[in-house]
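S.K.: Sharing a structure here in structure tokens format.
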Amino acid sequence: MAFLDISGLSKHFGPNLVVRDFDLGIEKGEFVTFLGPSGCGKTTVLRMVAGFETPSAGAIRIDGRDVTALRPSQRKIGMVFQAYALFPNLTVAENVAFGMKVAGASRADIAARVGEMLGLIRLSDLGGRYPFQLSGGQQQRGALAPALAIRPQVLLLDEPLSALDAKIRVSLRQEIRAIQRELGITTIFVTHDQEEALSISDRIVVMNGGVAEQAGAPFEIYNRPATRFVASFVGTLNLIDARVLDAAVGRVSAGGQELTLGRPLPAAAGASVALALRPEAVTLGSRPGQDVLLRGTVAAAEFLGSVVRLRTRVGDQSLSLDTFNNAAVPPPLPGETVEIGFASSDVLLLAD
Amino acid sequence: MTRPLPSRENSPLRYVGVAPFLLFTGLFLILPTGYIVLGAFRAADGGFTLDHILGLNTPSIRNAYWVSIRISFWSALIGSAIGLGMAAAVIHGGLPKAFRGPLMTFSGVASNFAGVALAFAFIATLGPAGLVTLWLRSEFGVNLRAQGFNLLSTTGLIVTYLFFQIPLMILIIAPALDGLKREWREAAETLGASGLQYVRMIALPILFPSILGCFALLFANAFGAVATAIALTGSSLNIAPILLFAQIRGDVLGSPGLGYALALGMVVIAGVANALSIWLRTRSERWLR
Amino acid sequence: MTRVLAWAIFLFGVFYFVLPLFGMTEFSLRMRRGVYSLDAYRVVLADPQFQATFAYSTVMALLTIVIGVLIVVPTAYWVRLYLPRLRPVVEFITLLPLVIPPIVIVFGYIRLYNTSSWLPMTGSSTGTNLLLLCGYATLALPYMYRAVDTGLRTIDVRTLTEAAQSLGAGWFTIMSRVILPNVLVAVLSGAFLTFAIVIGEFVMAALLNRPAFGPYLQLMGANKAYEPAALAVIAFAITWACMGLIALVTRLQKFTPAPR
């Protein structure tokens with residue numbers, strides 16, 4: 001059994017079913033991210049693991065022990081909140097020491113652990129400061145330490161970076177990951193920022209409307225999304241409406257042109273399907289390995305520096321593609337006819 | 001048609017706008033108070049003297065102040081405790097959220113229902129022929145008077161004062177209680193603290209300046225109250241405001257200067273308490289940002 | 001806080017507050033021996049002294065509101081617009097009536113403005129009435145100022161003024177047609193609070209020997225048995241009505257100022 005085992009978790013708030021049938025097994029030392037838009041239930045699942053919400057159904061087991069009925073103070077869980085919950089009347093060092101003080105540890109032990117933690121989060125010089133004297137990033141780093149100081153079995157982070165500036169967010173997320181790796185603590189990280197999730201997680205659970213739509217490594221989630229929601233929430237996605245011509249062979253008509261996908265389609269002839277393509281899978285002109293070439297016109301060309309993002313029209317469909325900047329070749333102008341190539345194997349067929 | 005002055009112009013004409021205000025408060029607030037305060041130091045011949053202040057040092061006047069301080073202290077202490085309890089019960093105690101609005105509205109009403117009418121309400125309830133007094137006698141055979149409780153006394157005054165002290169506390173401490181973030185409580189829980197430990201180590205220290213500030217405010221509030229005391233005890237109780245009242249009415253102390261000194265004492269005590277209150281309450285805002 | 005403890009404290013508090021209110025109401029109905037009746041109220045309302053003093057205090061309250069508005073609204077406006085650095089001073093002054101016991105203030109009036117002084121206001125009954133009026137306005141000052149200041153904070157005073165000026169409005173027009181309507185809710189809140197304060201006020205009226213409602217109440221309390229309870233019920237009802245009107249007016253505020 002996994003170290004942190006969540007089985008059949010559901011939660012009602014009155015008549016609303018906020019979380020439905022959530023199953024997940026997390027290995028020891030794994031860094032799992034719950035990713036989804038607001039209201040998808042990710043924070044509710046986290047709070048149920050922490051013990052602040054009681055599940056309507058289901059169970060949570062940590063290291064074999066059923067903790068579903070236990071209060072948060074009995075679960076040995078560390079939690080970092082969005083609004084950095086440092087106690088304002090205590091210094092940073094006293095905040096870090098709080099958990100151990102409550103548990104009745106000796107002064108020497110507390111001092112040693114506090115020093116260790118402050119070093120870990122790189123706030124050794126600021127231990128005597130009060131929270132209001134620190135910047136947002138420092139406060140969030142500071143909020144991490146008390147949670148880690150009690151040597152929790154599981155570390156829970158509830159959108160800890162949402163309130164910070166973009167630059168700090170990037171550096172702090174890498175720091176959090178590094179610390180987590182060093183200490184080997186099983187971690188659940190909740191966020192709505194897909195770039196954050198992709199960059200630091202071992203596994204991502206994409207949630208929507210209270211249900212986990214897909215769970216897997218970042219590479220899997222991005223390249224092999226299971227549903228249309230996952231595909232569109234994680235990364236940008238091209239969606240082309242096509243009509244099925246021959247289901248067995250995978251021949252469809254899109255944007256007035258025909259192409260063959262080389263795999264059977266789950267729809268009958270005449271039905272419409274959605275073809276999904278990542279922008280990086282689409283190229284200007286043909287490349288080796290590609291078997292589809294469509295003709296279209298350039299609608300707009302955005303020069304973003306290292307990347308040129310072209311928006312093209314193929315018949316009545318839009319297709320967006322990214323190419324790297326080439327100093328020798330300027331981007332095409334709007335109205336130019338271009339050839340658009342991709343491999344039929346790169347086309348994602350998505351369940352809705 | 002007058003053209004208003006540009007704000008950047010450094011002209012003394014700008015002060016025209018506040019002239020009525022300064023004139024009014026000068027004539028009817030600052031000057032009268034100043035006259036009394038200075039009068040405490042003014043000898044009959046117009047020179048400076050400390051005799052009036054020293055003249056306060058008689059047993060009956062000392063007693064008057066002391067009783068006033070006692071009444072103010074206890075009504076403020078009990079009022080703070082119960083007010084804090086009620087506000088905390090409604091805001092953090094898990095009571096239905098719908099209780100908060102009515103409690104605040106009622107507190108607004110009750111904190112203004114002071115004065116003579118309040119005394120009547122308590123006389124009708126706990127007085128010699130009061131509802132509760134008679135009920136206790138007929139149902140339980142308990143004679144309130146024999147048990148030592150007399151509404152027309154300092155204890156009765158304290159009980160009566162609570163009617164506007166408790167709501168005042170509720171109104172002022174509610175924003176501070178709101179400032180206690182839910183995350184702090186939850187963070188304390190995940191770190192292993194029990195509810196009591198959270199209150200002792202986090203919530204109370206954070207709230208303490210506000211609570212103390214409110215206590216000082218309640219103290220000053222009770223100290224200056226006259227109407228309820230007179231209506232309840234018939235101006236026979238020897239407390240500072242009643243003594244001053246009698247002195248203004250009829251110079252019972254036999255020396256006008258003593259009256260000034262008495263008033264000065266009240267201003268000093270109420271003033272210090274209020275200043276302390278304001279200082280403490282603004283300090284606490286630092287933590288509850 | 002455990003839910004049990006919360007309920008216990010809350011119910012204890014409710015009990016403490018309900019009891020005197022219930023007591024005074026019950027007592028006021030007991031005038032006729034053996035049966036509940038409104039006799040006490042009938043007697044009170046028919047009493048010419050009641051009518052005279054209540055009318056006196058009501059008129060004083062209304063005049064106090066007028067004076068309060070006339071002094072506070074222009075001052076708060078002016079300070080906000082032209083003298084922002086004077087604000088702490090003005091605010092401090094408006095807090096003084098809360099700090100200095102009213103009995104000391106009226107003591108000062110008696111000593112300072114008696115017949116042998118440079119401003120003999122207590123010489124005539126009109127003069128004394130005026131003095132009492134100013135005393136009441138002083139007592140109500142903190143509440144009125146805070147209400148109006150809060151109201152002004154939510155509207156952009158500078159822009160409104162400049163817009164009105166560019167349309168040719170003079171100072172008086174700006175105040176009465178532009179500023180006042182926009183802070184009406186705040187002014188009304190302050191007005192109702194002032195009314196509640198003045199109606200039951202005792203110390204100033206008693207020491208200045210004016211026929212106000214407060215001293216009348218105290219006189220009744222010293223001499224009668226059931227009428228005081230009825231009067232207390234009436235007084236409480238008035239206080240409740242004032243607070244209720246404040247809540248009503250605040251909720252009926254038709255526009256929400258744009259967030260700044």
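Going by the structure tokens order, chains are called A, B, ..., each with residues numbered from 1, while ligands are numbered from 1 in the order shown.
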Report the residues of range 79-214 of chain A whose backbone DSSP state falls under strand (DSSP E), written as a ChimeraX atom specification.
M.R.: /A:79-80,154-158,186-191,203-208,211-214
S.K.: Could you save those same residues with N, CA and C atoms as a tab-separated table (two decimals), in the first residue's frame?
M.R.:
```tsv
chain	number	residue	atom	x	y	z
A	79	MET	N	1.74	21.94	7.59
A	79	MET	CA	0.94	22.63	6.58
A	79	MET	C	1.42	24.05	6.36
A	80	VAL	N	1.49	24.46	5.11
A	80	VAL	CA	1.85	25.83	4.77
A	80	VAL	C	0.66	26.45	4.05
A	154	VAL	N	3.82	14.02	6.52
A	154	VAL	CA	3.36	14.55	5.24
A	154	VAL	C	3.41	16.06	5.30
A	155	LEU	N	3.83	16.68	4.22
A	155	LEU	CA	3.86	18.14	4.14
A	155	LEU	C	2.78	18.59	3.15
A	156	LEU	N	1.91	19.50	3.59
A	156	LEU	CA	0.84	19.99	2.72
A	156	LEU	C	1.04	21.47	2.44
A	157	LEU	N	0.99	21.86	1.20
A	157	LEU	CA	1.16	23.27	0.84
A	157	LEU	C	-0.06	23.73	0.06
A	158	ASP	N	-0.78	24.72	0.60
A	158	ASP	CA	-2.01	25.19	-0.02
A	158	ASP	C	-1.76	26.48	-0.78
A	186	THR	N	7.18	13.30	2.16
A	186	THR	CA	6.03	13.14	1.25
A	186	THR	C	5.26	14.45	1.23
A	187	THR	N	5.00	14.95	0.02
A	187	THR	CA	4.44	16.30	-0.07
A	187	THR	C	3.27	16.37	-1.04
A	188	ILE	N	2.23	17.13	-0.64
A	188	ILE	CA	1.15	17.48	-1.56
A	188	ILE	C	1.16	18.99	-1.73
A	189	PHE	N	1.18	19.42	-2.99
A	189	PHE	CA	1.27	20.84	-3.32
A	189	PHE	C	0.03	21.20	-4.12
A	190	VAL	N	-0.69	22.21	-3.70
A	190	VAL	CA	-1.92	22.61	-4.41
A	190	VAL	C	-1.65	23.91	-5.16
A	191	THR	N	-2.01	23.97	-6.43
A	191	THR	CA	-1.84	25.21	-7.19
A	191	THR	C	-2.80	25.27	-8.36
A	203	ARG	N	4.55	13.94	-9.68
A	203	ARG	CA	3.31	13.57	-10.35
A	203	ARG	C	2.32	14.70	-10.19
A	204	ILE	N	1.42	14.82	-11.18
A	204	ILE	CA	0.38	15.84	-11.11
A	204	ILE	C	-0.98	15.17	-11.13
A	205	VAL	N	-1.91	15.66	-10.30
A	205	VAL	CA	-3.29	15.21	-10.37
A	205	VAL	C	-4.10	16.41	-10.84
A	206	VAL	N	-4.67	16.30	-12.06
A	206	VAL	CA	-5.45	17.41	-12.60
A	206	VAL	C	-6.91	17.22	-12.19
A	207	MET	N	-7.48	18.22	-11.53
A	207	MET	CA	-8.83	18.10	-11.01
A	207	MET	C	-9.76	19.10	-11.66
A	208	ASN	N	-11.00	18.70	-11.81
A	208	ASN	CA	-12.01	19.58	-12.39
A	208	ASN	C	-13.36	19.19	-11.84
A	211	VAL	N	-13.58	16.17	-9.42
A	211	VAL	CA	-13.12	14.85	-9.87
A	211	VAL	C	-11.68	14.94	-10.34
A	212	ALA	N	-10.90	13.88	-10.07
A	212	ALA	CA	-9.53	13.83	-10.59
A	212	ALA	C	-9.61	13.31	-12.02
A	213	GLU	N	-9.28	14.19	-13.00
A	213	GLU	CA	-9.41	13.77	-14.39
A	213	GLU	C	-8.22	12.94	-14.84
A	214	GLN	N	-7.05	13.25	-14.35
A	214	GLN	CA	-5.88	12.47	-14.74
A	214	GLN	C	-4.80	12.63	-13.70
```
S.K.: Kindly determine which residues of chain B lie within 7 Å of chain C, considering only C-alpha atoms, and give the answer as a PyMOL selection string.
M.R.: chain B and resi 1-4+7+14+17-18+20-21+28-29+32-33+35-36+85-86+89+92-94+109+113+115-118+120-122+124-125+131+163+195+224+226-227+231+248-249+263+267+270-271+274
S.K.: Got a sec: who's within 7 Å of range 148-151 of chain C, counting only C-alpha atoms, leaving out chain neighbours fewer than 5 positions off, as an mmCIF file with C-alpha atoms, in the first residue's frame?
M.R.:
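Result file follows (around-v5.cif):
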```cif
data_model
loop_
_atom_site.group_PDB
_atom_site.id
_atom_site.type_symbol
_atom_site.label_atom_id
_atom_site.label_comp_id
_atom_site.auth_asym_id
_atom_site.auth_seq_id
_atom_site.Cartn_x
_atom_site.Cartn_y
_atom_site.Cartn_z
ATOM 1 C CA VAL C 73 -19.944 69.101 7.718
ATOM 2 C CA ALA C 76 -14.761 68.035 7.900
ATOM 3 C CA VAL C 183 -22.987 62.384 2.837
ATOM 4 C CA ALA C 186 -23.636 59.619 7.283
ATOM 5 C CA VAL C 187 -25.273 62.822 8.488
#
```
S.K.: Got a sec to pull out which chain A residues are within 9 Å of chain B, counting only C-alpha atoms, and send them as a PyMOL selection string?
M.R.: chain A and resi 50-52+71-90+98-100+102-103+132+146-147+150
S.K.: Please identify all polymer residues within 7 Å of range 169-179 of chain B, counting only C-alpha atoms, omitting same-chain residues fewer than 6 positions from it, and present them as a list in words.
M.R.: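 Neighbouring residues, sequence-local ones excluded: Gly79, Ser80, Gly83, Leu84, Ala87, Ala88, Met104, Ser107, Leu207, Ser210, Cys214 and Leu288 of chain B.
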S.K.: Write out as number ranges by chain which residues come within 7 Å of range 251-262 of chain B when counting only C-alpha atoms, dropping same-chain ones fewer than 6 positions away.
M.R.: B: 36-37, 39-40, 52-53, 55-56, 244
S.K.: Need the shell around Arg62 in chain B: protein/DNA/RNA residues with any atom at most 12 Å away, counting only C-alpha atoms. Skip same-chain ones fewer than 3 positions apart. Format as an MDAnalysis selection string?
M.R.: chainID B and resid 53:59 65:69 238:240 243 262 265
S.K.: What lies within 12 Å of Ile71 in chain B using only C-alpha atoms, ignoring chain neighbours under 2 positions off, as a PyMOL selection string?
M.R.: chain B and resi 64-69+73-79+153-162+165+218-225+229+237-241
S.K.: Please produce a file of the residues just selected, as an mmCIF file, in the first residue's frame, where the atoms kept are C-alpha atoms.
M.R.:
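Result written to selection37.cif:
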```
data_model
loop_
_atom_site.group_PDB
_atom_site.id
_atom_site.type_symbol
_atom_site.label_atom_id
_atom_site.label_comp_id
_atom_site.auth_asym_id
_atom_site.auth_seq_id
_atom_site.Cartn_x
_atom_site.Cartn_y
_atom_site.Cartn_z
ATOM 1 C CA ALA B 64 -15.440 59.144 47.203
ATOM 2 C CA TYR B 65 -12.599 58.689 44.726
ATOM 3 C CA TRP B 66 -11.790 55.276 46.027
ATOM 4 C CA VAL B 67 -15.376 54.054 45.697
ATOM 5 C CA SER B 68 -15.563 55.500 42.200
ATOM 6 C CA ILE B 69 -12.353 53.751 41.236
ATOM 7 C CA PHE B 73 -12.616 48.934 37.971
ATOM 8 C CA TRP B 74 -15.036 46.117 38.646
ATOM 9 C CA SER B 75 -17.621 47.111 36.079
ATOM 10 C CA ALA B 76 -14.812 47.445 33.536
ATOM 11 C CA LEU B 77 -13.253 44.115 34.464
ATOM 12 C CA ILE B 78 -16.455 42.092 34.488
ATOM 13 C CA GLY B 79 -17.774 43.992 31.475
ATOM 14 C CA SER B 153 -25.233 50.356 46.656
ATOM 15 C CA THR B 154 -21.865 50.129 44.937
ATOM 16 C CA THR B 155 -22.469 46.489 44.077
ATOM 17 C CA GLY B 156 -25.835 47.367 42.594
ATOM 18 C CA LEU B 157 -24.216 50.147 40.615
ATOM 19 C CA ILE B 158 -21.616 47.762 39.220
ATOM 20 C CA VAL B 159 -24.319 45.313 38.152
ATOM 21 C CA THR B 160 -26.267 48.129 36.537
ATOM 22 C CA TYR B 161 -23.254 49.627 34.767
ATOM 23 C CA LEU B 162 -22.586 46.280 33.106
ATOM 24 C CA GLN B 165 -20.175 48.271 29.615
ATOM 25 C CA LEU B 218 -14.692 51.066 30.047
ATOM 26 C CA PHE B 219 -13.010 52.298 33.192
ATOM 27 C CA ALA B 220 -13.086 55.901 32.027
ATOM 28 C CA ASN B 221 -16.643 55.463 30.851
ATOM 29 C CA ALA B 222 -17.855 54.299 34.246
ATOM 30 C CA PHE B 223 -15.833 56.853 36.109
ATOM 31 C CA GLY B 224 -17.563 59.798 34.479
ATOM 32 C CA ALA B 225 -21.105 58.405 34.674
ATOM 33 C CA ALA B 229 -25.716 56.745 39.871
ATOM 34 C CA LEU B 237 -23.869 57.475 47.606
ATOM 35 C CA ASN B 238 -20.466 58.994 48.139
ATOM 36 C CA ILE B 239 -18.779 58.727 44.770
ATOM 37 C CA ALA B 240 -16.738 61.370 43.031
ATOM 38 C CA PRO B 241 -19.196 62.376 40.298
#
```
S.K.: From the options A:Asp322, A:Glu116, A:Asp291, A:Asp202, which residue's atoms come nearest to Val32 in chain A, counting only C-alpha atoms?
M.R.: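 Of A:Asp322, A:Glu116, A:Asp291, A:Asp202, the one nearest Val32 in chain A, counting only C-alpha atoms, is A:Asp202.
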S.K.: DSSP on the backbone, then: every residue of range 97-273 of chain B marked alpha helix (DSSP H), written as a PyMOL selection string.
M.R.: chain B and resi 100-112+116-126+131-140+154-178+182-190+195-198+204-223+227-233+240-250+256-273
S.K.: Work out how far CA of Ser10 in chain A is from CA of Ala57 in chain A, in Å to one decimal.
M.R.: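 Distance reported for this atom pair: 5.1 Å.
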S.K.: Have a look at CA of Thr283 in chain A and CA of Val244 in chain A and let me know their distance in Å, one decimal.
M.R.: 24.0 Å
S.K.: Out of A:Arg313, A:Arg278, A:His192, A:Arg113, which residue has the shortest atom-to-atom distance to Asn223 in chain A when counting only C-alpha atoms?
M.R.: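 Among the listed residues, A:Arg278 lies closest to Asn223 in chain A.
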